[in-house]
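K.L.:
My questions all concern the structure below.
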Amino acid sequence: MIDRDGTINRRPPNGGYLTRWDDFVWLEDNVEAMQQLAKAGYRFIVISNQAGIGRGIVDRATVDDINRRMVAGLSARGIDIVDVYICPHHPDDNCDCRKPAPGMFRRAAHEHSFQIDRSVYIGDDPRDAVAAHNAGCPSVLIGPDRDVDPGDGVTATFRSETLLCAVAWIEKLFGTWVKAENAIRKE
Ligand SMILES: [Mg+2]
Ligand SMILES: [Zn+2]
């Protein structure tokens, strides 16, 4: 599972919201890393807070359109985005989906039948590590804020400047899970 803004595309300036496709700028190193992982058989689910909708800054249709173009662009590079989940709510709505709440993670796992604790969440905001913790999966924190303490006594499982530096770690982690599964099957 992977975050969008600041992870796949450049973070909109000043804590703002992406309101048009023309402002979507790929974070090339991270997309390259996604490509490496895709080649190794990994698939992705995007999980993203889009409170710009709840704040009335951008409408849902525009966000959906941006996401469709993103998915198409990634697909053209061999990267399979299984689904995209967004929280459209205002931070004051107290919904159960806005990260760091685990609602979107649980929905994704339920709808796509995977074990949350056998997946990883990749993000750029220290709260992404908290969200992953709340959902029960390891986290990879990348980008300039990776060493910022999110509070709640949570630290990301792995931190690096870009996703490129995390590819080997992710493959190793999934490798240990596969080994554990195989050991159980042999018993
Ligand atoms: Mg982000
Ligand atoms: Zn929500």
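By convention here, the chains of the structure tokens are called A, B, ... in the order presented, each chain's residues are numbered starting at 1, and ligands are numbered starting at 1 in the order presented.
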If the limit is 6 Å from any atom of ligand 2, counting only C-alpha atoms and all ligand atoms, which residues qualify? Return them as a PDB file with N, CA and C atoms, in the first residue's frame.

P.N.:
```pdb
ATOM      1  N   CYS A  87      -9.693   9.373   1.395  1.00  0.00           N
ATOM      2  CA  CYS A  87     -10.590   9.923   2.413  1.00  0.00           C
ATOM      3  C   CYS A  87     -10.917  11.344   1.981  1.00  0.00           C
ATOM      4  N   PRO A  88     -12.185  11.620   1.668  1.00  0.00           N
ATOM      5  CA  PRO A  88     -12.570  12.951   1.191  1.00  0.00           C
ATOM      6  C   PRO A  88     -12.951  13.902   2.317  1.00  0.00           C
ATOM      7  N   HIS A  89     -12.875  13.405   3.559  1.00  0.00           N
ATOM      8  CA  HIS A  89     -13.490  14.154   4.663  1.00  0.00           C
ATOM      9  C   HIS A  89     -12.625  15.296   5.183  1.00  0.00           C
ATOM     10  N   CYS A  95     -13.997  11.084  10.842  1.00  0.00           N
ATOM     11  CA  CYS A  95     -14.359   9.858  10.125  1.00  0.00           C
ATOM     12  C   CYS A  95     -13.399   8.743  10.545  1.00  0.00           C
ATOM     13  N   ASP A  96     -13.682   7.530  10.124  1.00  0.00           N
ATOM     14  CA  ASP A  96     -12.780   6.435  10.502  1.00  0.00           C
ATOM     15  C   ASP A  96     -11.776   6.119   9.384  1.00  0.00           C
ATOM     16  N   CYS A  97     -11.815   6.957   8.307  1.00  0.00           N
ATOM     17  CA  CYS A  97     -10.902   6.651   7.195  1.00  0.00           C
ATOM     18  C   CYS A  97      -9.717   7.609   7.092  1.00  0.00           C
ATOM     19  N   ARG A  98      -9.833   8.808   7.622  1.00  0.00           N
ATOM     20  CA  ARG A  98      -8.715   9.741   7.476  1.00  0.00           C
ATOM     21  C   ARG A  98      -7.494   9.240   8.248  1.00  0.00           C
TER      22      ARG A  98
END
```

K.L.:
Show me which residues line ligand 1, defined as having an atom within 6 Å of a ligand atom where only C-alpha atoms and all ligand atoms count, and present them as an NGL selection string.

P.N.:
:A and (3-7 or 123-125)

K.L.:
Any idea what the distance is between atom CA of Ile2 of chain A and atom CA of His90 of chain A?

P.N.:
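Those two atoms sit 21.0 Å apart.
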
K.L.:
Just want the 9 Å neighbourhood of Val31 of chain A, counted on only C-alpha atoms, with same-chain residues fewer than 6 positions away dropped. Output as a list of chain:residue names.

P.N.:
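Near neighbours after the sequence-gap exclusion: A:Thr7, A:Ile8, A:Asn9, A:Leu74, A:Arg77, A:Ile79, A:Leu163, A:Leu164.
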
K.L.:
From a backbone DSSP assignment, name each residue in segment 25-142 of chain A labelled alpha helix (DSSP H), as a PyMOL selection string.

P.N.:
chain A and resi 28-39+51-54+60-75+103-112+126-135

K.L.:
Using only C-alpha atoms, which of A:Arg69, A:Lys179, A:Arg159, A:Lys39 sits nearest Ile122 of chain A?

P.N.:
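Of A:Arg69, A:Lys179, A:Arg159, A:Lys39, the one nearest Ile122 of chain A, counting only C-alpha atoms, is A:Arg159.
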
K.L.:
Using Å and a single decimal, report how far atom CA of Pro138 of chain A sits from atom CA of Leu18 of chain A.

P.N.:
27.3 Å

K.L.:
Return as a PDB file with N, CA and C atoms, in the first residue's frame the full set of residues in chain A whose backbone-based DSSP assignment is strand (DSSP E).

P.N.:
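Listed below is the output, part15.pdb:
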```pdb
ATOM      1  N   PHE A  44       0.211  -2.663  -6.088  1.00  0.00           N
ATOM      2  CA  PHE A  44       0.047  -1.535  -5.173  1.00  0.00           C
ATOM      3  C   PHE A  44      -1.415  -1.134  -4.999  1.00  0.00           C
ATOM      4  N   ILE A  45      -1.716  -0.651  -3.805  1.00  0.00           N
ATOM      5  CA  ILE A  45      -2.994   0.008  -3.537  1.00  0.00           C
ATOM      6  C   ILE A  45      -2.666   1.390  -2.987  1.00  0.00           C
ATOM      7  N   VAL A  46      -3.250   2.422  -3.589  1.00  0.00           N
ATOM      8  CA  VAL A  46      -2.995   3.785  -3.138  1.00  0.00           C
ATOM      9  C   VAL A  46      -4.001   4.135  -2.036  1.00  0.00           C
ATOM     10  N   ILE A  47      -3.480   4.693  -0.948  1.00  0.00           N
ATOM     11  CA  ILE A  47      -4.310   5.119   0.179  1.00  0.00           C
ATOM     12  C   ILE A  47      -3.940   6.559   0.518  1.00  0.00           C
ATOM     13  N   SER A  48      -4.897   7.477   0.333  1.00  0.00           N
ATOM     14  CA  SER A  48      -4.557   8.898   0.346  1.00  0.00           C
ATOM     15  C   SER A  48      -5.631   9.738   1.034  1.00  0.00           C
ATOM     16  N   ASN A  49      -5.205  10.634   1.931  1.00  0.00           N
ATOM     17  CA  ASN A  49      -6.124  11.632   2.492  1.00  0.00           C
ATOM     18  C   ASN A  49      -6.322  12.747   1.469  1.00  0.00           C
ATOM     19  N   ILE A  81      -1.659  -0.708 -10.252  1.00  0.00           N
ATOM     20  CA  ILE A  81      -2.372  -0.146  -9.099  1.00  0.00           C
ATOM     21  C   ILE A  81      -3.715  -0.877  -9.011  1.00  0.00           C
ATOM     22  N   VAL A  82      -3.843  -1.707  -8.007  1.00  0.00           N
ATOM     23  CA  VAL A  82      -5.029  -2.547  -7.865  1.00  0.00           C
ATOM     24  C   VAL A  82      -6.266  -1.702  -7.553  1.00  0.00           C
ATOM     25  N   ASP A  83      -6.081  -0.673  -6.745  1.00  0.00           N
ATOM     26  CA  ASP A  83      -7.205   0.174  -6.356  1.00  0.00           C
ATOM     27  C   ASP A  83      -6.671   1.474  -5.756  1.00  0.00           C
ATOM     28  N   VAL A  84      -7.529   2.466  -5.687  1.00  0.00           N
ATOM     29  CA  VAL A  84      -7.175   3.741  -5.055  1.00  0.00           C
ATOM     30  C   VAL A  84      -8.244   4.073  -4.028  1.00  0.00           C
ATOM     31  N   TYR A  85      -7.833   4.276  -2.784  1.00  0.00           N
ATOM     32  CA  TYR A  85      -8.754   4.678  -1.721  1.00  0.00           C
ATOM     33  C   TYR A  85      -8.409   6.102  -1.297  1.00  0.00           C
ATOM     34  N   ILE A  86      -9.453   6.940  -1.213  1.00  0.00           N
ATOM     35  CA  ILE A  86      -9.207   8.285  -0.695  1.00  0.00           C
ATOM     36  C   ILE A  86     -10.182   8.575   0.439  1.00  0.00           C
ATOM     37  N   CYS A  87      -9.693   9.373   1.395  1.00  0.00           N
ATOM     38  CA  CYS A  87     -10.590   9.923   2.413  1.00  0.00           C
ATOM     39  C   CYS A  87     -10.917  11.344   1.981  1.00  0.00           C
ATOM     40  N   TYR A 121       3.084  -0.351   4.232  1.00  0.00           N
ATOM     41  CA  TYR A 121       2.583   0.951   3.785  1.00  0.00           C
ATOM     42  C   TYR A 121       3.746   1.903   3.590  1.00  0.00           C
ATOM     43  N   ILE A 122       3.789   2.528   2.426  1.00  0.00           N
ATOM     44  CA  ILE A 122       4.856   3.459   2.060  1.00  0.00           C
ATOM     45  C   ILE A 122       4.287   4.873   2.036  1.00  0.00           C
ATOM     46  N   GLY A 123       4.906   5.791   2.777  1.00  0.00           N
ATOM     47  CA  GLY A 123       4.422   7.171   2.792  1.00  0.00           C
ATOM     48  C   GLY A 123       5.528   8.154   3.111  1.00  0.00           C
ATOM     49  N   SER A 139       5.869  -0.053   8.113  1.00  0.00           N
ATOM     50  CA  SER A 139       5.823   1.162   7.295  1.00  0.00           C
ATOM     51  C   SER A 139       7.195   1.520   6.761  1.00  0.00           C
ATOM     52  N   VAL A 140       7.185   2.101   5.588  1.00  0.00           N
ATOM     53  CA  VAL A 140       8.391   2.690   5.011  1.00  0.00           C
ATOM     54  C   VAL A 140       8.126   4.184   4.907  1.00  0.00           C
ATOM     55  N   LEU A 141       8.998   4.971   5.548  1.00  0.00           N
ATOM     56  CA  LEU A 141       8.826   6.417   5.531  1.00  0.00           C
ATOM     57  C   LEU A 141       9.952   7.029   4.703  1.00  0.00           C
ATOM     58  N   ILE A 142       9.564   7.787   3.667  1.00  0.00           N
ATOM     59  CA  ILE A 142      10.559   8.373   2.777  1.00  0.00           C
ATOM     60  C   ILE A 142      10.370   9.884   2.728  1.00  0.00           C
ATOM     61  N   PHE A 158      10.994   1.310   8.558  1.00  0.00           N
ATOM     62  CA  PHE A 158      12.178   1.576   7.734  1.00  0.00           C
ATOM     63  C   PHE A 158      12.097   3.008   7.219  1.00  0.00           C
ATOM     64  N   ARG A 159      13.242   3.688   7.225  1.00  0.00           N
ATOM     65  CA  ARG A 159      13.256   5.068   6.738  1.00  0.00           C
ATOM     66  C   ARG A 159      14.366   5.252   5.719  1.00  0.00           C
ATOM     67  N   SER A 160      14.067   5.952   4.635  1.00  0.00           N
ATOM     68  CA  SER A 160      15.110   6.273   3.666  1.00  0.00           C
ATOM     69  C   SER A 160      14.707   7.499   2.861  1.00  0.00           C
TER      70      SER A 160
END
```

K.L.:
Within 7 Å of segment 100-113 of chain A, counting only C-alpha atoms, which residues show up once you throw out same-chain ones fewer than 5 positions away? Write them as a VMD selection string, please.

P.N.:
chain A and resid 47 85 127 to 128 130 to 131 134 to 135

K.L.:
Could you turn the residues from that selection into a file that holds N, CA and C atoms, as a compact mmCIF listing (two decimals), in the first residue's frame?

P.N.:
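What ended up in out-v4.txt:
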```
# COMPACT_ATOMS: atom_id res chain seq x y z
N ILE A 47 -3.48 4.69 -0.95
CA ILE A 47 -4.31 5.12 0.18
C ILE A 47 -3.94 6.56 0.52
N TYR A 85 -7.83 4.28 -2.78
CA TYR A 85 -8.75 4.68 -1.72
C TYR A 85 -8.41 6.10 -1.30
N ARG A 127 2.81 10.80 10.01
CA ARG A 127 1.50 10.24 10.38
C ARG A 127 1.18 8.98 9.58
N ASP A 128 1.85 8.84 8.42
CA ASP A 128 1.66 7.61 7.64
C ASP A 128 2.17 6.40 8.41
N VAL A 130 2.16 6.23 11.64
CA VAL A 130 1.17 6.00 12.69
C VAL A 130 -0.04 5.25 12.11
N ALA A 131 -0.45 5.66 10.91
CA ALA A 131 -1.58 4.99 10.25
C ALA A 131 -1.27 3.51 10.03
N ASN A 134 -1.45 1.74 13.29
CA ASN A 134 -2.85 1.54 13.70
C ASN A 134 -3.52 0.43 12.90
N ALA A 135 -3.11 0.30 11.63
CA ALA A 135 -3.69 -0.74 10.77
C ALA A 135 -3.04 -2.10 11.03
```

K.L.:
Which residue is closest to Ile66 of chain A? Choose from A:Thr19, A:Val154, A:Val167, A:Ala51 and count only C-alpha atoms.

P.N.:
A:Thr19

K.L.:
Enter the distance from atom CA of Ala132 of chain A to atom CA of Ala166 of chain A, in Å, rounded to one decimal.

P.N.:
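Atom-to-atom, atom CA of Ala132 of chain A and atom CA of Ala166 of chain A are spaced 16.3 Å apart.
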